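What follows is final-v3.cif (mmCIF, N, CA and C atoms).
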```cif
data_data
#
loop_
_atom_site.label_atom_id
_atom_site.label_comp_id
_atom_site.auth_asym_id
_atom_site.auth_seq_id
_atom_site.Cartn_x
_atom_site.Cartn_y
_atom_site.Cartn_z
N MET A 1 35.97 79.47 8.82
CA MET A 1 35.28 80.28 9.80
C MET A 1 35.95 80.08 11.15
N THR A 2 35.92 81.10 11.95
CA THR A 2 36.46 80.99 13.30
C THR A 2 35.32 80.81 14.29
N LEU A 3 35.66 80.48 15.50
CA LEU A 3 34.68 80.30 16.56
C LEU A 3 33.87 81.58 16.75
N GLN A 4 32.57 81.45 16.79
CA GLN A 4 31.66 82.58 17.05
C GLN A 4 31.35 82.60 18.54
N THR A 5 31.90 83.56 19.26
CA THR A 5 31.69 83.65 20.70
C THR A 5 30.45 84.49 20.99
N ILE A 6 29.59 83.99 21.84
CA ILE A 6 28.37 84.70 22.22
C ILE A 6 28.70 85.64 23.38
N ASN A 7 28.39 86.91 23.19
CA ASN A 7 28.59 87.91 24.24
C ASN A 7 27.43 87.79 25.22
N ILE A 8 27.73 87.40 26.44
CA ILE A 8 26.67 87.22 27.44
C ILE A 8 26.54 88.42 28.37
N GLY A 9 27.27 89.49 28.12
CA GLY A 9 27.21 90.67 28.98
C GLY A 9 28.00 90.46 30.26
N VAL A 10 27.87 91.43 31.16
CA VAL A 10 28.60 91.37 32.43
C VAL A 10 27.72 90.79 33.53
N ALA A 11 26.47 91.18 33.53
CA ALA A 11 25.53 90.72 34.55
C ALA A 11 24.26 90.25 33.85
N PRO A 12 23.46 89.39 34.50
CA PRO A 12 22.21 88.95 33.88
C PRO A 12 21.31 90.14 33.52
N ASN A 13 20.78 90.08 32.30
CA ASN A 13 19.82 91.08 31.83
C ASN A 13 20.36 92.51 31.87
N ASP A 14 21.69 92.70 31.69
CA ASP A 14 22.22 94.06 31.71
C ASP A 14 22.10 94.76 30.36
N GLY A 15 21.64 94.02 29.32
CA GLY A 15 21.45 94.63 28.01
C GLY A 15 22.73 94.79 27.20
N ASN A 16 23.85 94.28 27.71
CA ASN A 16 25.13 94.43 27.01
C ASN A 16 25.53 93.21 26.18
N GLY A 17 24.80 92.11 26.32
CA GLY A 17 25.12 90.89 25.59
C GLY A 17 24.49 90.87 24.21
N ASP A 18 24.76 89.81 23.46
CA ASP A 18 24.15 89.64 22.14
C ASP A 18 22.64 89.45 22.27
N PRO A 19 21.88 90.00 21.33
CA PRO A 19 20.44 89.70 21.32
C PRO A 19 20.24 88.19 21.09
N LEU A 20 19.09 87.70 21.50
CA LEU A 20 18.81 86.27 21.43
C LEU A 20 18.99 85.73 20.02
N ARG A 21 18.47 86.41 19.01
CA ARG A 21 18.60 85.95 17.62
C ARG A 21 20.06 85.88 17.20
N THR A 22 20.86 86.86 17.55
CA THR A 22 22.29 86.87 17.20
C THR A 22 23.02 85.72 17.90
N ALA A 23 22.67 85.48 19.17
CA ALA A 23 23.32 84.40 19.93
C ALA A 23 23.04 83.04 19.29
N PHE A 24 21.79 82.81 18.90
CA PHE A 24 21.46 81.51 18.28
C PHE A 24 22.03 81.40 16.87
N ASP A 25 22.16 82.51 16.16
CA ASP A 25 22.81 82.49 14.85
C ASP A 25 24.27 82.06 15.02
N LYS A 26 24.95 82.60 16.02
CA LYS A 26 26.34 82.20 16.29
C LYS A 26 26.41 80.72 16.68
N THR A 27 25.44 80.26 17.45
CA THR A 27 25.39 78.85 17.85
C THR A 27 25.26 77.96 16.61
N ASN A 28 24.33 78.30 15.72
CA ASN A 28 24.15 77.53 14.49
C ASN A 28 25.43 77.52 13.65
N GLN A 29 26.09 78.67 13.51
CA GLN A 29 27.32 78.74 12.72
C GLN A 29 28.41 77.85 13.33
N ASN A 30 28.48 77.83 14.66
CA ASN A 30 29.48 76.98 15.32
C ASN A 30 29.21 75.50 15.04
N PHE A 31 27.94 75.08 15.07
CA PHE A 31 27.61 73.68 14.78
C PHE A 31 27.86 73.34 13.32
N VAL A 32 27.58 74.26 12.40
CA VAL A 32 27.88 74.00 10.98
C VAL A 32 29.38 73.78 10.80
N GLU A 33 30.19 74.61 11.43
CA GLU A 33 31.64 74.46 11.35
C GLU A 33 32.08 73.12 11.94
N LEU A 34 31.54 72.78 13.09
CA LEU A 34 31.89 71.53 13.76
C LEU A 34 31.55 70.32 12.90
N TYR A 35 30.33 70.26 12.38
CA TYR A 35 29.90 69.10 11.60
C TYR A 35 30.57 69.03 10.23
N SER A 36 30.94 70.16 9.66
CA SER A 36 31.58 70.12 8.34
C SER A 36 33.02 69.61 8.43
N ASN A 37 33.60 69.64 9.63
CA ASN A 37 34.99 69.18 9.80
C ASN A 37 35.09 67.83 10.51
N MET A 38 33.96 67.16 10.70
CA MET A 38 34.00 65.85 11.36
C MET A 38 34.60 64.80 10.45
N LEU A 39 35.30 63.86 11.05
CA LEU A 39 35.83 62.72 10.33
C LEU A 39 34.73 61.68 10.20
N VAL A 40 34.28 61.46 8.98
CA VAL A 40 33.25 60.47 8.72
C VAL A 40 33.89 59.36 7.89
N ILE A 41 33.91 58.17 8.41
CA ILE A 41 34.51 57.04 7.72
C ILE A 41 33.42 56.31 6.97
N ASP A 42 33.64 56.10 5.69
CA ASP A 42 32.62 55.55 4.81
C ASP A 42 32.72 54.03 4.72
N SER A 43 31.77 53.34 5.28
CA SER A 43 31.56 51.90 5.14
C SER A 43 32.85 51.07 5.13
N PRO A 44 33.52 50.95 6.27
CA PRO A 44 34.73 50.13 6.27
C PRO A 44 34.42 48.65 6.06
N SER A 45 35.36 47.96 5.44
CA SER A 45 35.26 46.51 5.31
C SER A 45 35.75 45.94 6.64
N LYS A 46 34.93 45.15 7.29
CA LYS A 46 35.28 44.63 8.61
C LYS A 46 35.78 43.20 8.53
N GLN A 47 36.38 42.84 7.42
CA GLN A 47 36.92 41.50 7.22
C GLN A 47 38.31 41.39 7.83
N ALA A 48 38.82 40.18 7.94
CA ALA A 48 40.19 39.97 8.42
C ALA A 48 41.18 40.67 7.50
N ASN A 49 40.95 40.59 6.20
CA ASN A 49 41.71 41.37 5.22
C ASN A 49 40.74 42.42 4.71
N GLY A 50 40.89 43.64 5.18
CA GLY A 50 39.90 44.67 4.85
C GLY A 50 40.52 46.00 4.51
N TYR A 51 39.65 47.00 4.40
CA TYR A 51 40.09 48.34 4.03
C TYR A 51 39.07 49.37 4.47
N VAL A 52 39.50 50.64 4.50
CA VAL A 52 38.60 51.76 4.76
C VAL A 52 39.13 52.98 4.00
N TRP A 53 38.20 53.69 3.38
CA TRP A 53 38.52 54.96 2.73
C TRP A 53 38.30 56.07 3.75
N LEU A 54 39.26 56.96 3.90
CA LEU A 54 39.09 58.12 4.75
C LEU A 54 38.58 59.28 3.90
N PRO A 55 37.93 60.28 4.52
CA PRO A 55 37.32 61.37 3.75
C PRO A 55 38.30 62.15 2.87
N ASN A 56 39.57 62.18 3.24
CA ASN A 56 40.54 62.94 2.45
C ASN A 56 41.13 62.13 1.29
N GLY A 57 40.55 60.96 1.01
CA GLY A 57 41.01 60.14 -0.11
C GLY A 57 42.08 59.13 0.23
N VAL A 58 42.51 59.09 1.49
CA VAL A 58 43.52 58.11 1.91
C VAL A 58 42.84 56.76 2.09
N LEU A 59 43.50 55.71 1.63
CA LEU A 59 43.00 54.34 1.74
C LEU A 59 43.89 53.57 2.71
N MET A 60 43.29 52.94 3.73
CA MET A 60 44.02 52.10 4.67
C MET A 60 43.55 50.66 4.46
N GLN A 61 44.51 49.73 4.36
CA GLN A 61 44.19 48.32 4.16
C GLN A 61 44.98 47.48 5.16
N TRP A 62 44.39 46.38 5.59
CA TRP A 62 45.04 45.51 6.56
C TRP A 62 44.77 44.06 6.21
N GLY A 63 45.60 43.20 6.78
CA GLY A 63 45.40 41.77 6.55
C GLY A 63 46.53 40.96 7.13
N THR A 64 46.50 39.66 6.83
CA THR A 64 47.51 38.72 7.29
C THR A 64 47.98 37.90 6.10
N VAL A 65 49.28 37.64 6.06
CA VAL A 65 49.84 36.82 4.99
C VAL A 65 50.86 35.86 5.61
N ALA A 66 50.90 34.63 5.10
CA ALA A 66 51.91 33.65 5.52
C ALA A 66 53.17 33.91 4.71
N ALA A 67 54.30 34.10 5.40
CA ALA A 67 55.53 34.49 4.70
C ALA A 67 56.74 33.73 5.22
N ASN A 68 57.72 33.56 4.34
CA ASN A 68 59.06 33.09 4.70
C ASN A 68 60.04 33.81 3.79
N THR A 69 61.20 33.22 3.51
CA THR A 69 62.19 33.92 2.69
C THR A 69 61.81 33.99 1.22
N THR A 70 60.90 33.13 0.76
CA THR A 70 60.58 33.10 -0.67
C THR A 70 59.12 33.39 -0.99
N THR A 71 58.23 33.30 -0.01
CA THR A 71 56.81 33.54 -0.29
C THR A 71 56.26 34.57 0.70
N GLY A 72 55.14 35.18 0.32
CA GLY A 72 54.47 36.12 1.22
C GLY A 72 53.97 37.35 0.51
N ASN A 73 53.30 37.16 -0.62
CA ASN A 73 52.73 38.31 -1.32
C ASN A 73 51.34 38.60 -0.77
N ALA A 74 51.16 39.82 -0.28
CA ALA A 74 49.86 40.26 0.23
C ALA A 74 49.15 41.03 -0.87
N THR A 75 48.09 40.44 -1.41
CA THR A 75 47.29 41.12 -2.43
C THR A 75 46.25 41.97 -1.72
N PHE A 76 46.24 43.27 -2.00
CA PHE A 76 45.32 44.18 -1.33
C PHE A 76 43.88 43.92 -1.76
N SER A 77 42.94 44.17 -0.84
CA SER A 77 41.52 43.98 -1.13
C SER A 77 41.05 44.91 -2.24
N VAL A 78 41.60 46.12 -2.27
CA VAL A 78 41.27 47.14 -3.27
C VAL A 78 42.58 47.72 -3.77
N ALA A 79 42.70 47.93 -5.05
CA ALA A 79 43.92 48.54 -5.59
C ALA A 79 43.99 50.01 -5.18
N PHE A 80 45.18 50.46 -4.77
CA PHE A 80 45.38 51.87 -4.49
C PHE A 80 45.31 52.62 -5.83
N PRO A 81 44.52 53.67 -5.95
CA PRO A 81 44.39 54.37 -7.23
C PRO A 81 45.71 54.98 -7.73
N THR A 82 46.53 55.51 -6.80
CA THR A 82 47.76 56.18 -7.20
C THR A 82 49.01 55.47 -6.69
N ALA A 83 49.09 55.25 -5.38
CA ALA A 83 50.30 54.66 -4.81
C ALA A 83 50.04 54.09 -3.43
N CYS A 84 50.80 53.07 -3.08
CA CYS A 84 50.87 52.57 -1.71
C CYS A 84 52.06 53.28 -1.08
N GLN A 85 51.82 54.11 -0.10
CA GLN A 85 52.88 54.93 0.48
C GLN A 85 53.66 54.23 1.59
N SER A 86 52.99 53.33 2.33
CA SER A 86 53.63 52.74 3.49
C SER A 86 53.02 51.38 3.80
N VAL A 87 53.86 50.43 4.22
CA VAL A 87 53.40 49.13 4.70
C VAL A 87 54.08 48.88 6.03
N THR A 88 53.27 48.70 7.08
CA THR A 88 53.78 48.43 8.41
C THR A 88 53.46 46.98 8.75
N LEU A 89 54.42 46.28 9.36
CA LEU A 89 54.27 44.84 9.61
C LEU A 89 54.44 44.50 11.08
N SER A 90 53.81 43.38 11.47
CA SER A 90 54.07 42.78 12.78
C SER A 90 53.87 41.28 12.66
N VAL A 91 54.67 40.52 13.40
CA VAL A 91 54.58 39.06 13.36
C VAL A 91 53.61 38.60 14.43
N ILE A 92 52.76 37.65 14.07
CA ILE A 92 51.78 37.09 15.00
C ILE A 92 52.45 35.98 15.79
N GLY A 93 52.24 35.96 17.09
CA GLY A 93 52.80 34.91 17.92
C GLY A 93 54.20 35.25 18.41
N SER A 94 54.93 34.22 18.78
CA SER A 94 56.24 34.44 19.40
C SER A 94 57.39 34.09 18.46
N ALA A 95 57.14 34.15 17.17
CA ALA A 95 58.21 33.82 16.21
C ALA A 95 59.35 34.82 16.34
N ASN A 96 60.54 34.32 16.49
CA ASN A 96 61.71 35.18 16.63
C ASN A 96 62.41 35.29 15.27
N VAL A 97 61.78 36.02 14.35
CA VAL A 97 62.32 36.17 13.01
C VAL A 97 62.27 37.64 12.61
N GLY A 98 63.15 38.00 11.68
CA GLY A 98 63.08 39.33 11.10
C GLY A 98 62.06 39.32 9.98
N TYR A 99 61.54 40.48 9.64
CA TYR A 99 60.56 40.57 8.56
C TYR A 99 60.65 41.94 7.92
N GLN A 100 60.23 42.00 6.67
CA GLN A 100 60.26 43.27 5.95
C GLN A 100 59.26 43.26 4.81
N ALA A 101 58.82 44.45 4.44
CA ALA A 101 58.05 44.64 3.22
C ALA A 101 59.07 44.99 2.15
N ALA A 102 59.41 44.01 1.32
CA ALA A 102 60.48 44.19 0.34
C ALA A 102 60.09 45.16 -0.77
N ALA A 103 58.81 45.20 -1.11
CA ALA A 103 58.33 46.09 -2.16
C ALA A 103 56.82 46.18 -2.06
N ALA A 104 56.27 47.25 -2.61
CA ALA A 104 54.81 47.38 -2.67
C ALA A 104 54.44 48.22 -3.87
N ASN A 105 53.38 47.81 -4.55
CA ASN A 105 52.84 48.63 -5.62
C ASN A 105 51.36 48.88 -5.31
N THR A 106 50.56 49.20 -6.27
CA THR A 106 49.17 49.54 -6.00
C THR A 106 48.29 48.33 -5.68
N THR A 107 48.77 47.11 -5.95
CA THR A 107 47.93 45.92 -5.73
C THR A 107 48.54 44.87 -4.81
N VAL A 108 49.86 44.87 -4.64
CA VAL A 108 50.53 43.80 -3.88
C VAL A 108 51.68 44.36 -3.06
N ALA A 109 51.83 43.83 -1.84
CA ALA A 109 53.03 44.09 -1.03
C ALA A 109 53.80 42.78 -0.93
N THR A 110 55.08 42.83 -1.23
CA THR A 110 55.95 41.66 -1.13
C THR A 110 56.52 41.62 0.28
N ILE A 111 56.13 40.61 1.05
CA ILE A 111 56.53 40.50 2.46
C ILE A 111 57.39 39.26 2.63
N ARG A 112 58.53 39.42 3.28
CA ARG A 112 59.45 38.31 3.49
C ARG A 112 59.91 38.28 4.94
N THR A 113 60.28 37.08 5.41
CA THR A 113 60.84 36.92 6.75
C THR A 113 62.23 36.31 6.62
N SER A 114 62.93 36.25 7.74
CA SER A 114 64.27 35.66 7.74
C SER A 114 64.25 34.15 7.93
N SER A 115 63.08 33.58 8.13
CA SER A 115 62.98 32.15 8.38
C SER A 115 63.00 31.37 7.07
N THR A 116 63.98 30.47 6.93
CA THR A 116 64.05 29.62 5.74
C THR A 116 63.28 28.32 5.93
N THR A 117 62.97 27.98 7.17
CA THR A 117 62.32 26.70 7.44
C THR A 117 60.87 26.81 7.86
N THR A 118 60.47 27.95 8.41
CA THR A 118 59.12 28.09 8.95
C THR A 118 58.40 29.24 8.25
N THR A 119 57.15 28.98 7.91
CA THR A 119 56.30 30.05 7.40
C THR A 119 55.64 30.74 8.59
N VAL A 120 55.70 32.06 8.59
CA VAL A 120 55.22 32.85 9.73
C VAL A 120 54.07 33.73 9.27
N ASN A 121 53.02 33.84 10.09
CA ASN A 121 51.92 34.75 9.78
C ASN A 121 52.32 36.18 10.14
N VAL A 122 52.23 37.05 9.15
CA VAL A 122 52.61 38.45 9.32
C VAL A 122 51.38 39.32 9.06
N GLU A 123 51.09 40.23 9.99
CA GLU A 123 50.01 41.19 9.80
C GLU A 123 50.57 42.44 9.13
N TYR A 124 49.78 43.03 8.24
CA TYR A 124 50.22 44.25 7.58
C TYR A 124 49.17 45.34 7.65
N LEU A 125 49.62 46.57 7.62
CA LEU A 125 48.77 47.74 7.49
C LEU A 125 49.38 48.59 6.39
N ALA A 126 48.64 48.76 5.31
CA ALA A 126 49.13 49.52 4.17
C ALA A 126 48.32 50.81 4.04
N VAL A 127 49.01 51.90 3.74
CA VAL A 127 48.37 53.21 3.61
C VAL A 127 48.78 53.82 2.29
N GLY A 128 47.82 54.35 1.58
CA GLY A 128 48.11 55.00 0.29
C GLY A 128 46.93 55.84 -0.15
N TYR A 129 46.97 56.18 -1.43
CA TYR A 129 45.89 57.00 -1.99
C TYR A 129 45.70 56.70 -3.45
#
```

Could you write out this file's structure as structure tokens?
Amino acid sequence: MTLQTINIGVAPNDGNGDPLRTAFDKTNQNFVELYSNMLVIDSPSKQANGYVWLPNGVLMQWGTVAANTTTGNATFSVAFPTACQSVTLSVIGSANVGYQAAAANTTVATIRTSSTTTTVNVEYLAVGY
């Protein structure tokens, strides 16, 4: 549906605008359109490692994992039904190391850093469906 514009006429009470019933019908239609397209997020998990389902079926998950060159598997709170499309990372603190999501499937993201001696806390945001 497109926006329903209420014709208010040229001057007050000139009889050229929409009748009152028509004007309020257009108002109701505009609100129905507005509310049917609202983004409603369903019960997000507010944990440190959590997730939220978006209305279009997209699943966003976040968390923290301790990683180095050999360890750092982030197990998702909820398995992605079809695929994990993207994993974005950031290092917590002032660690001067490289990091990457080496692989991801529907349940786990493999996260590694360039540090061979120090384990670094890495935050992740995974998006899929």

Open item on the list: Around (29.5, 84.8, 16.3), as given in the file, which residues come within 6 Å? Count only C-alpha atoms and list them as a VMD selection string.
Closed with: chain A and resid 4 to 5 26

Open item on the list: Set the distance at 5 Å and use only N, CA and C atoms: which residues neighbour Tyr99 (chain A) once local chain neighbours fewer than 4 positions away are removed? I'd like the list as an MDAnalysis selection string.
Closed with: chainID A and resid 112:114

Could those residues be written to a file, using N, CA and C atoms, as a short mmCIF file (atom, residue, chain, number, x, y, z; two decimals), in the frame of the given file?
```
data_model
loop_
_atom_site.label_atom_id
_atom_site.label_comp_id
_atom_site.auth_asym_id
_atom_site.auth_seq_id
_atom_site.Cartn_x
_atom_site.Cartn_y
_atom_site.Cartn_z
N ARG A 112 58.53 39.42 3.28
CA ARG A 112 59.45 38.31 3.49
C ARG A 112 59.91 38.28 4.94
N THR A 113 60.28 37.08 5.41
CA THR A 113 60.84 36.92 6.75
C THR A 113 62.23 36.31 6.62
N SER A 114 62.93 36.25 7.74
CA SER A 114 64.27 35.66 7.74
C SER A 114 64.25 34.15 7.93
#
```

Task: Explicit residue set for the PyMOL selection byres ((chain A and resi 105) around 8), as a PyMOL selection string - done: chain A and resi 79-80+82-85+103-104+106-110

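The gap separating CA of Gly128 (chain A) from atom N of Ile92 (chain A) is 22.6 Å, in Å to one decimal.
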
Task: Interatomic distance, CA of Thr27 (chain A) to atom N of Ala11 (chain A) (Å, one decimal) - done: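 Atom N of Ala11 (chain A) lies at a distance of 20.0 Å from CA of Thr27 (chain A).
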
- [ ] Would you work out the distance separating CA of Val91 (chain A) from CA of Thr69 (chain A), expressed in Å to one decimal?
- [x] 14.1 Å

Open item on the list: as a ChimeraX atom specification, please: every residue in chain A that a backbone DSSP assignment puts in strand (DSSP E).
Closed with: /A:50-53,59-67,73-75,84-91,99-104,108-113,120-128

Open item on the list: I need the residues in chain A that are helix (DSSP H, G or I) according to DSSP; give them as a PyMOL selection string.
Closed with: chain A and resi 20-36

Can you give me, as an mmCIF file with N, CA and C atoms, keeping the file's coordinate frame, the residues this file yields under the PyMOL selection byres (((chain A and resi 122-127 and name CA) around 8) and name CA)?
```cif
data_model
loop_
_atom_site.group_PDB
_atom_site.id
_atom_site.type_symbol
_atom_site.label_atom_id
_atom_site.label_comp_id
_atom_site.auth_asym_id
_atom_site.auth_seq_id
_atom_site.Cartn_x
_atom_site.Cartn_y
_atom_site.Cartn_z
ATOM 1 N N VAL A 58 42.510 59.090 1.490
ATOM 2 C CA VAL A 58 43.520 58.110 1.910
ATOM 3 C C VAL A 58 42.840 56.760 2.090
ATOM 4 N N LEU A 59 43.500 55.710 1.630
ATOM 5 C CA LEU A 59 43.000 54.340 1.740
ATOM 6 C C LEU A 59 43.890 53.570 2.710
ATOM 7 N N MET A 60 43.290 52.940 3.730
ATOM 8 C CA MET A 60 44.020 52.100 4.670
ATOM 9 C C MET A 60 43.550 50.660 4.460
ATOM 10 N N GLN A 61 44.510 49.730 4.360
ATOM 11 C CA GLN A 61 44.190 48.320 4.160
ATOM 12 C C GLN A 61 44.980 47.480 5.160
ATOM 13 N N TRP A 62 44.390 46.380 5.590
ATOM 14 C CA TRP A 62 45.040 45.510 6.560
ATOM 15 C C TRP A 62 44.770 44.060 6.210
ATOM 16 N N GLY A 63 45.600 43.200 6.780
ATOM 17 C CA GLY A 63 45.400 41.770 6.550
ATOM 18 C C GLY A 63 46.530 40.960 7.130
ATOM 19 N N THR A 64 46.500 39.660 6.830
ATOM 20 C CA THR A 64 47.510 38.720 7.290
ATOM 21 C C THR A 64 47.980 37.900 6.100
ATOM 22 N N VAL A 65 49.280 37.640 6.060
ATOM 23 C CA VAL A 65 49.840 36.820 4.990
ATOM 24 C C VAL A 65 50.860 35.860 5.610
ATOM 25 N N ALA A 66 50.900 34.630 5.100
ATOM 26 C CA ALA A 66 51.910 33.650 5.520
ATOM 27 C C ALA A 66 53.170 33.910 4.710
ATOM 28 N N ALA A 67 54.300 34.100 5.400
ATOM 29 C CA ALA A 67 55.530 34.490 4.700
ATOM 30 C C ALA A 67 56.740 33.730 5.220
ATOM 31 N N CYS A 84 50.800 53.070 -3.080
ATOM 32 C CA CYS A 84 50.870 52.570 -1.710
ATOM 33 C C CYS A 84 52.060 53.280 -1.080
ATOM 34 N N GLN A 85 51.820 54.110 -0.100
ATOM 35 C CA GLN A 85 52.880 54.930 0.480
ATOM 36 C C GLN A 85 53.660 54.230 1.590
ATOM 37 N N SER A 86 52.990 53.330 2.330
ATOM 38 C CA SER A 86 53.630 52.740 3.490
ATOM 39 C C SER A 86 53.020 51.380 3.800
ATOM 40 N N VAL A 87 53.860 50.430 4.220
ATOM 41 C CA VAL A 87 53.400 49.130 4.700
ATOM 42 C C VAL A 87 54.080 48.880 6.030
ATOM 43 N N THR A 88 53.270 48.700 7.080
ATOM 44 C CA THR A 88 53.780 48.430 8.410
ATOM 45 C C THR A 88 53.460 46.980 8.750
ATOM 46 N N LEU A 89 54.420 46.280 9.360
ATOM 47 C CA LEU A 89 54.270 44.840 9.610
ATOM 48 C C LEU A 89 54.440 44.500 11.080
ATOM 49 N N SER A 90 53.810 43.380 11.470
ATOM 50 C CA SER A 90 54.070 42.780 12.780
ATOM 51 C C SER A 90 53.870 41.280 12.660
ATOM 52 N N VAL A 91 54.670 40.520 13.400
ATOM 53 C CA VAL A 91 54.580 39.060 13.360
ATOM 54 C C VAL A 91 53.610 38.600 14.430
ATOM 55 N N ILE A 92 52.760 37.650 14.070
ATOM 56 C CA ILE A 92 51.780 37.090 15.000
ATOM 57 C C ILE A 92 52.450 35.980 15.790
ATOM 58 N N VAL A 120 55.700 32.060 8.590
ATOM 59 C CA VAL A 120 55.220 32.850 9.730
ATOM 60 C C VAL A 120 54.070 33.730 9.270
ATOM 61 N N ASN A 121 53.020 33.840 10.090
ATOM 62 C CA ASN A 121 51.920 34.750 9.780
ATOM 63 C C ASN A 121 52.320 36.180 10.140
ATOM 64 N N GLY A 128 47.820 54.350 1.580
ATOM 65 C CA GLY A 128 48.110 55.000 0.290
ATOM 66 C C GLY A 128 46.930 55.840 -0.150
ATOM 67 N N TYR A 129 46.970 56.180 -1.430
ATOM 68 C CA TYR A 129 45.890 57.000 -1.990
ATOM 69 C C TYR A 129 45.700 56.700 -3.450
#
```
